[in-house]
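Source file: run.cif (mmCIF, C-alpha atoms, pLDDT in the B column; chains and numbers go by the auth columns)
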```cif
data_entry
loop_
_atom_site.group_PDB
_atom_site.id
_atom_site.type_symbol
_atom_site.label_atom_id
_atom_site.label_comp_id
_atom_site.label_asym_id
_atom_site.label_seq_id
_atom_site.Cartn_x
_atom_site.Cartn_y
_atom_site.Cartn_z
_atom_site.B_iso_or_equiv
_atom_site.auth_seq_id
_atom_site.auth_asym_id
ATOM 1 C CA MET A 1 0.000 0.000 0.000 58.00 142 A
ATOM 2 C CA LYS A 2 2.836 2.396 0.897 61.00 143 A
ATOM 3 C CA LEU A 3 4.572 1.631 -2.406 55.00 144 A
ATOM 4 C CA LYS A 4 1.357 2.467 -4.275 53.00 145 A
ATOM 5 C CA HIS A 5 1.195 5.907 -2.627 47.00 146 A
ATOM 6 C CA VAL A 6 4.840 6.579 -3.441 42.00 147 A
ATOM 7 C CA MET A 7 4.249 5.607 -7.081 45.00 148 A
ATOM 8 C CA ILE A 8 1.170 7.859 -7.323 47.00 149 A
ATOM 9 C CA MET A 9 3.062 10.814 -5.810 45.00 150 A
ATOM 10 C CA THR A 10 6.034 10.257 -8.133 44.00 151 A
ATOM 11 C CA ILE A 11 3.851 10.088 -11.231 49.00 152 A
ATOM 12 C CA SER A 12 1.826 13.144 -10.130 40.00 153 A
ATOM 13 C CA THR A 13 4.994 15.172 -9.558 40.00 154 A
ATOM 14 C CA ALA A 14 6.363 14.176 -12.963 39.00 155 A
ATOM 15 C CA LEU A 15 3.110 15.138 -14.699 37.00 156 A
ATOM 16 C CA ILE A 16 3.071 18.543 -13.006 42.00 157 A
ATOM 17 C CA ALA A 17 6.681 19.162 -14.046 41.00 158 A
ATOM 18 C CA VAL A 18 5.979 18.186 -17.659 39.00 159 A
ATOM 19 C CA ALA A 19 2.841 20.355 -17.773 41.00 160 A
ATOM 20 C CA SER A 20 4.830 23.333 -16.461 44.00 161 A
ATOM 21 C CA MET A 21 7.545 22.865 -19.078 43.00 162 A
ATOM 22 C CA LEU A 22 5.007 22.558 -21.882 43.00 163 A
ATOM 23 C CA ALA A 23 3.189 25.685 -20.717 45.00 164 A
ATOM 24 C CA ILE A 24 6.235 27.891 -21.346 49.00 165 A
ATOM 25 C CA GLY A 25 7.522 26.053 -24.373 53.00 166 A
ATOM 26 C CA ALA A 26 10.403 24.196 -22.706 57.00 167 A
ATOM 27 C CA GLY A 27 11.954 21.660 -25.008 67.00 168 A
ATOM 28 C CA LYS A 28 11.275 23.825 -28.040 82.00 169 A
ATOM 29 C CA SER A 29 13.974 25.952 -29.529 90.00 170 A
ATOM 30 C CA VAL A 30 12.802 29.523 -29.978 87.00 171 A
ATOM 31 C CA VAL A 31 14.478 32.362 -31.844 91.00 172 A
ATOM 32 C CA VAL A 32 12.871 35.798 -31.997 91.00 173 A
ATOM 33 C CA ALA A 33 14.789 38.659 -33.576 94.00 174 A
ATOM 34 C CA LYS A 34 14.275 42.116 -32.058 93.00 175 A
ATOM 35 C CA ALA A 35 12.608 43.258 -35.307 94.00 176 A
ATOM 36 C CA ASP A 36 10.090 40.404 -35.005 94.00 177 A
ATOM 37 C CA LEU A 37 8.886 41.211 -31.477 96.00 178 A
ATOM 38 C CA LYS A 38 5.158 41.953 -31.448 96.00 179 A
ATOM 39 C CA TRP A 39 4.551 44.620 -28.813 97.00 180 A
ATOM 40 C CA LYS A 40 1.083 44.828 -27.298 96.00 181 A
ATOM 41 C CA ASP A 41 -0.477 47.489 -25.126 96.00 182 A
ATOM 42 C CA MET A 42 -0.799 46.461 -21.471 95.00 183 A
ATOM 43 C CA GLY A 43 -3.627 48.858 -20.623 92.00 184 A
ATOM 44 C CA ILE A 44 -1.353 51.358 -18.854 92.00 185 A
ATOM 45 C CA PRO A 45 -0.262 54.359 -20.972 93.00 186 A
ATOM 46 C CA GLY A 46 3.158 53.685 -22.498 96.00 187 A
ATOM 47 C CA VAL A 47 3.578 50.181 -21.037 97.00 188 A
ATOM 48 C CA VAL A 48 3.901 47.431 -23.652 98.00 189 A
ATOM 49 C CA ALA A 49 4.873 43.756 -23.661 97.00 190 A
ATOM 50 C CA ALA A 50 6.228 41.391 -26.308 97.00 191 A
ATOM 51 C CA PRO A 51 5.590 37.703 -25.482 97.00 192 A
ATOM 52 C CA VAL A 52 8.138 35.198 -26.765 96.00 193 A
ATOM 53 C CA SER A 53 6.778 31.962 -25.257 95.00 194 A
ATOM 54 C CA GLY A 54 3.802 30.759 -23.257 95.00 195 A
ATOM 55 C CA ASP A 55 0.586 32.694 -22.735 95.00 196 A
ATOM 56 C CA MET A 56 0.805 35.684 -20.389 95.00 197 A
ATOM 57 C CA GLU A 57 -2.916 35.534 -19.612 95.00 198 A
ATOM 58 C CA LYS A 58 -3.269 31.791 -19.048 96.00 199 A
ATOM 59 C CA GLY A 59 -0.055 30.488 -17.522 96.00 200 A
ATOM 60 C CA ALA A 60 3.700 30.562 -17.372 96.00 201 A
ATOM 61 C CA SER A 61 5.381 32.773 -19.966 96.00 202 A
ATOM 62 C CA ARG A 62 8.495 34.619 -21.049 97.00 203 A
ATOM 63 C CA PHE A 63 8.214 38.152 -22.376 97.00 204 A
ATOM 64 C CA PHE A 64 9.797 41.573 -22.745 98.00 205 A
ATOM 65 C CA LEU A 65 8.184 44.453 -20.856 98.00 206 A
ATOM 66 C CA LYS A 66 8.828 48.111 -21.665 98.00 207 A
ATOM 67 C CA TYR A 67 8.257 51.189 -19.459 98.00 208 A
ATOM 68 C CA PRO A 68 8.431 54.699 -20.939 98.00 209 A
ATOM 69 C CA VAL A 69 10.818 57.455 -19.813 97.00 210 A
ATOM 70 C CA GLY A 70 9.674 58.957 -16.504 97.00 211 A
ATOM 71 C CA PHE A 71 7.231 56.137 -15.698 97.00 212 A
ATOM 72 C CA VAL A 72 6.577 55.475 -11.998 97.00 213 A
ATOM 73 C CA THR A 73 4.464 52.531 -10.886 96.00 214 A
ATOM 74 C CA PRO A 74 2.152 52.721 -7.909 94.00 215 A
ATOM 75 C CA LYS A 75 2.858 50.169 -5.180 96.00 216 A
ATOM 76 C CA HIS A 76 1.676 46.793 -6.483 95.00 217 A
ATOM 77 C CA HIS A 77 2.404 43.075 -6.646 95.00 218 A
ATOM 78 C CA HIS A 78 1.987 40.279 -9.172 95.00 219 A
ATOM 79 C CA PRO A 79 0.111 37.016 -8.487 96.00 220 A
ATOM 80 C CA ALA A 80 2.820 34.949 -10.207 96.00 221 A
ATOM 81 C CA ASP A 81 6.423 34.621 -9.057 97.00 222 A
ATOM 82 C CA HIS A 82 8.635 36.143 -11.731 96.00 223 A
ATOM 83 C CA TYR A 83 12.294 36.589 -12.550 98.00 224 A
ATOM 84 C CA VAL A 84 13.534 39.722 -14.279 98.00 225 A
ATOM 85 C CA THR A 85 16.653 40.788 -16.186 98.00 226 A
ATOM 86 C CA MET A 86 17.123 44.435 -17.145 98.00 227 A
ATOM 87 C CA VAL A 87 17.853 44.690 -20.870 98.00 228 A
ATOM 88 C CA SER A 88 18.170 48.468 -21.189 98.00 229 A
ATOM 89 C CA GLY A 89 17.469 51.630 -19.264 98.00 230 A
ATOM 90 C CA THR A 90 17.732 52.209 -15.525 98.00 231 A
ATOM 91 C CA ILE A 91 15.127 51.880 -12.792 98.00 232 A
ATOM 92 C CA THR A 92 14.909 52.335 -9.075 98.00 233 A
ATOM 93 C CA LEU A 93 13.128 49.302 -7.651 98.00 234 A
ATOM 94 C CA THR A 94 11.745 49.776 -4.149 98.00 235 A
ATOM 95 C CA MET A 95 10.731 46.825 -1.986 96.00 236 A
ATOM 96 C CA ASP A 96 10.752 46.247 1.753 94.00 237 A
ATOM 97 C CA GLY A 97 11.539 49.957 2.167 95.00 238 A
ATOM 98 C CA LYS A 98 14.867 49.660 0.324 98.00 239 A
ATOM 99 C CA ASP A 99 15.796 51.274 -3.022 98.00 240 A
ATOM 100 C CA TYR A 100 17.819 49.379 -5.638 98.00 241 A
ATOM 101 C CA LYS A 101 19.195 51.249 -8.660 98.00 242 A
ATOM 102 C CA LEU A 102 19.315 48.707 -11.488 98.00 243 A
ATOM 103 C CA GLY A 103 20.665 49.008 -15.013 98.00 244 A
ATOM 104 C CA PRO A 104 21.267 46.693 -17.970 98.00 245 A
ATOM 105 C CA GLY A 105 22.298 43.182 -16.927 98.00 246 A
ATOM 106 C CA SER A 106 20.796 43.524 -13.432 98.00 247 A
ATOM 107 C CA TYR A 107 18.564 40.726 -12.150 98.00 248 A
ATOM 108 C CA PHE A 108 15.812 40.527 -9.569 97.00 249 A
ATOM 109 C CA ALA A 109 13.190 37.990 -8.520 97.00 250 A
ATOM 110 C CA LEU A 110 9.811 38.995 -7.154 96.00 251 A
ATOM 111 C CA THR A 111 8.185 36.070 -5.373 96.00 252 A
ATOM 112 C CA GLU A 112 5.408 35.511 -2.869 97.00 253 A
ATOM 113 C CA LYS A 113 3.477 38.574 -4.111 95.00 254 A
ATOM 114 C CA MET A 114 6.214 40.987 -2.964 96.00 255 A
ATOM 115 C CA PRO A 115 4.851 44.568 -3.015 97.00 256 A
ATOM 116 C CA HIS A 116 7.117 46.947 -4.933 97.00 257 A
ATOM 117 C CA THR A 117 7.374 50.126 -6.976 97.00 258 A
ATOM 118 C CA ALA A 118 9.564 50.946 -9.955 98.00 259 A
ATOM 119 C CA LYS A 119 10.676 54.306 -11.336 98.00 260 A
ATOM 120 C CA VAL A 120 12.362 54.761 -14.714 98.00 261 A
ATOM 121 C CA GLU A 121 15.459 56.927 -14.251 98.00 262 A
ATOM 122 C CA GLY A 122 17.226 59.030 -16.868 97.00 263 A
ATOM 123 C CA ASN A 123 16.193 59.658 -20.462 97.00 264 A
ATOM 124 C CA GLU A 124 15.929 56.073 -21.743 98.00 265 A
ATOM 125 C CA GLU A 125 12.935 53.740 -21.575 98.00 266 A
ATOM 126 C CA ALA A 126 13.371 50.624 -19.434 98.00 267 A
ATOM 127 C CA VAL A 127 13.170 47.201 -21.064 98.00 268 A
ATOM 128 C CA PHE A 128 12.961 44.019 -18.994 97.00 269 A
ATOM 129 C CA PHE A 129 12.982 40.328 -19.871 98.00 270 A
ATOM 130 C CA ILE A 130 10.621 38.447 -17.567 98.00 271 A
ATOM 131 C CA GLN A 131 9.986 34.796 -16.885 98.00 272 A
ATOM 132 C CA ALA A 132 6.661 34.435 -15.056 97.00 273 A
ATOM 133 C CA ASP A 133 5.658 31.173 -13.366 97.00 274 A
ATOM 134 C CA GLY A 134 1.935 31.788 -13.881 96.00 275 A
ATOM 135 C CA PRO A 135 -0.571 34.161 -15.472 96.00 276 A
ATOM 136 C CA TRP A 136 0.657 37.767 -15.527 95.00 277 A
ATOM 137 C CA GLY A 137 -1.351 40.259 -13.553 93.00 278 A
ATOM 138 C CA VAL A 138 -0.940 43.477 -11.592 93.00 279 A
ATOM 139 C CA VAL A 139 -2.623 43.944 -8.207 91.00 280 A
ATOM 140 C CA MET A 140 -2.516 47.421 -6.663 92.00 281 A
ATOM 141 C CA GLU A 141 -1.657 47.548 -2.974 93.00 282 A
ATOM 142 C CA LYS A 142 -4.166 49.147 -0.622 87.00 283 A
ATOM 143 C CA LYS A 143 -2.958 52.382 0.897 70.00 284 A
#
```
This entry written out as structure tokens:
Amino acid sequence: MKLKHVMIMTISTALIAVASMLAIGAGKSVVVAKADLKWKDMGIPGVVAAPVSGDMEKGASRFFLKYPVGFVTPKHHHPADHYVTMVSGTITLTMDGKDYKLGPGSYFALTEKMPHTAKVEGNEEAVFFIQADGPWGVVMEKK
């Protein structure tokens, strides 16, 4: 009986892992040239995203996100854990009361619905590459 439970748990874990990989296109080679990115409006003036794999609205995904010069987010969080690399521009990311000035090549992970703000610094838009573990969403923090 114990062996049966172990087998069921092992198979269930493997199926979940495979489903997660399929959701973001793991196992498939993907090449997207900068000129081929398809930017879409995110419903916030000047904020656009260009998905490269997965479905931002339904599950795990990888995408570029762009903030315009001077953009400042209100305090918010995202339902999905996500991992971010700065591609261009500079931002000040504020979380847990601490400011982090981040430029190209910088990395940060926002997990467990971490509240944060971001401010684009300087005269260049900010471009991020994001890997989200679930559907992308923005939830404003209550004041």
> Which of these residues is nearest to A:Tyr248, using only C-alpha atoms: A:Val268, A:Leu234, A:Gly211, A:Val225?
Replying inline: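 Checking each candidate against A:Tyr248, we get A:Val225 as the closest.
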Write out as a compact mmCIF listing (two decimals) with C-alpha atoms, in the frame of the given file which residues come within 8 Å of A:Glu282 when counting all atoms listed in the file, dropping same-chain ones fewer than 5 positions away.
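The new file result17.txt reads:
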```txt
# COMPACT_ATOMS: atom_id res chain seq x y z
CA LYS A 216 2.86 50.17 -5.18
CA HIS A 217 1.68 46.79 -6.48
CA HIS A 218 2.40 43.08 -6.65
CA PRO A 256 4.85 44.57 -3.02
```
> What gap, in Å, lies between atom CA of A:Gly244 and atom CA of A:Val228?
Replying inline: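 Between atom CA of A:Gly244 and atom CA of A:Val228 the gap is 7.8 Å.
One distance worth recording is that between atom CA of A:Asp240 and atom CA of A:Met197, which is 27.7 Å.
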> Evaluating the PyMOL selection byres ((chain A and resi 205) around 7) on the displayed file yields which residues, as a PyMOL selection string?
Replying inline: chain A and resi 190-192+204+206-207+268-271
> If the PyMOL selection byres ((chain A and resi 198) around 12) is run on the structure shown, which residues does it catch, given as a list in words?
Replying inline: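 Applying the PyMOL selection byres ((chain A and resi 198) around 12) to the structure shown produces Ala164, Met183, Pro192, Ser194, Gly195, Asp196, Met197, Lys199, Gly200, Ala201, Ser202, Arg203, Phe204, Pro220, Ala221, Ala273, Asp274, Gly275, Pro276, Trp277, Gly278 and Val279 of chain A.
Omitting A:Val210 and its sequence neighbours fewer than 2 positions away, and counting only C-alpha atoms, the residues within 7 Å are Tyr208, Phe212, Val261, Asn264, Glu265 and Glu266 of chain A.
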>> Which residue is closest to A:Thr233? Choose from A:Ser247, A:Ser170, A:Thr252, A:Gln272 and count all atoms listed in the file.
In response: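 Among A:Ser247, A:Ser170, A:Thr252, A:Gln272, it is A:Ser247 that comes nearest to A:Thr233.
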> Which distance in Å separates atom CA of A:Thr258 and atom CA of A:Gly184, to one decimal?
Replying inline: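 Interatomic distance, atom CA of A:Thr258 to atom CA of A:Gly184: 17.6 Å.
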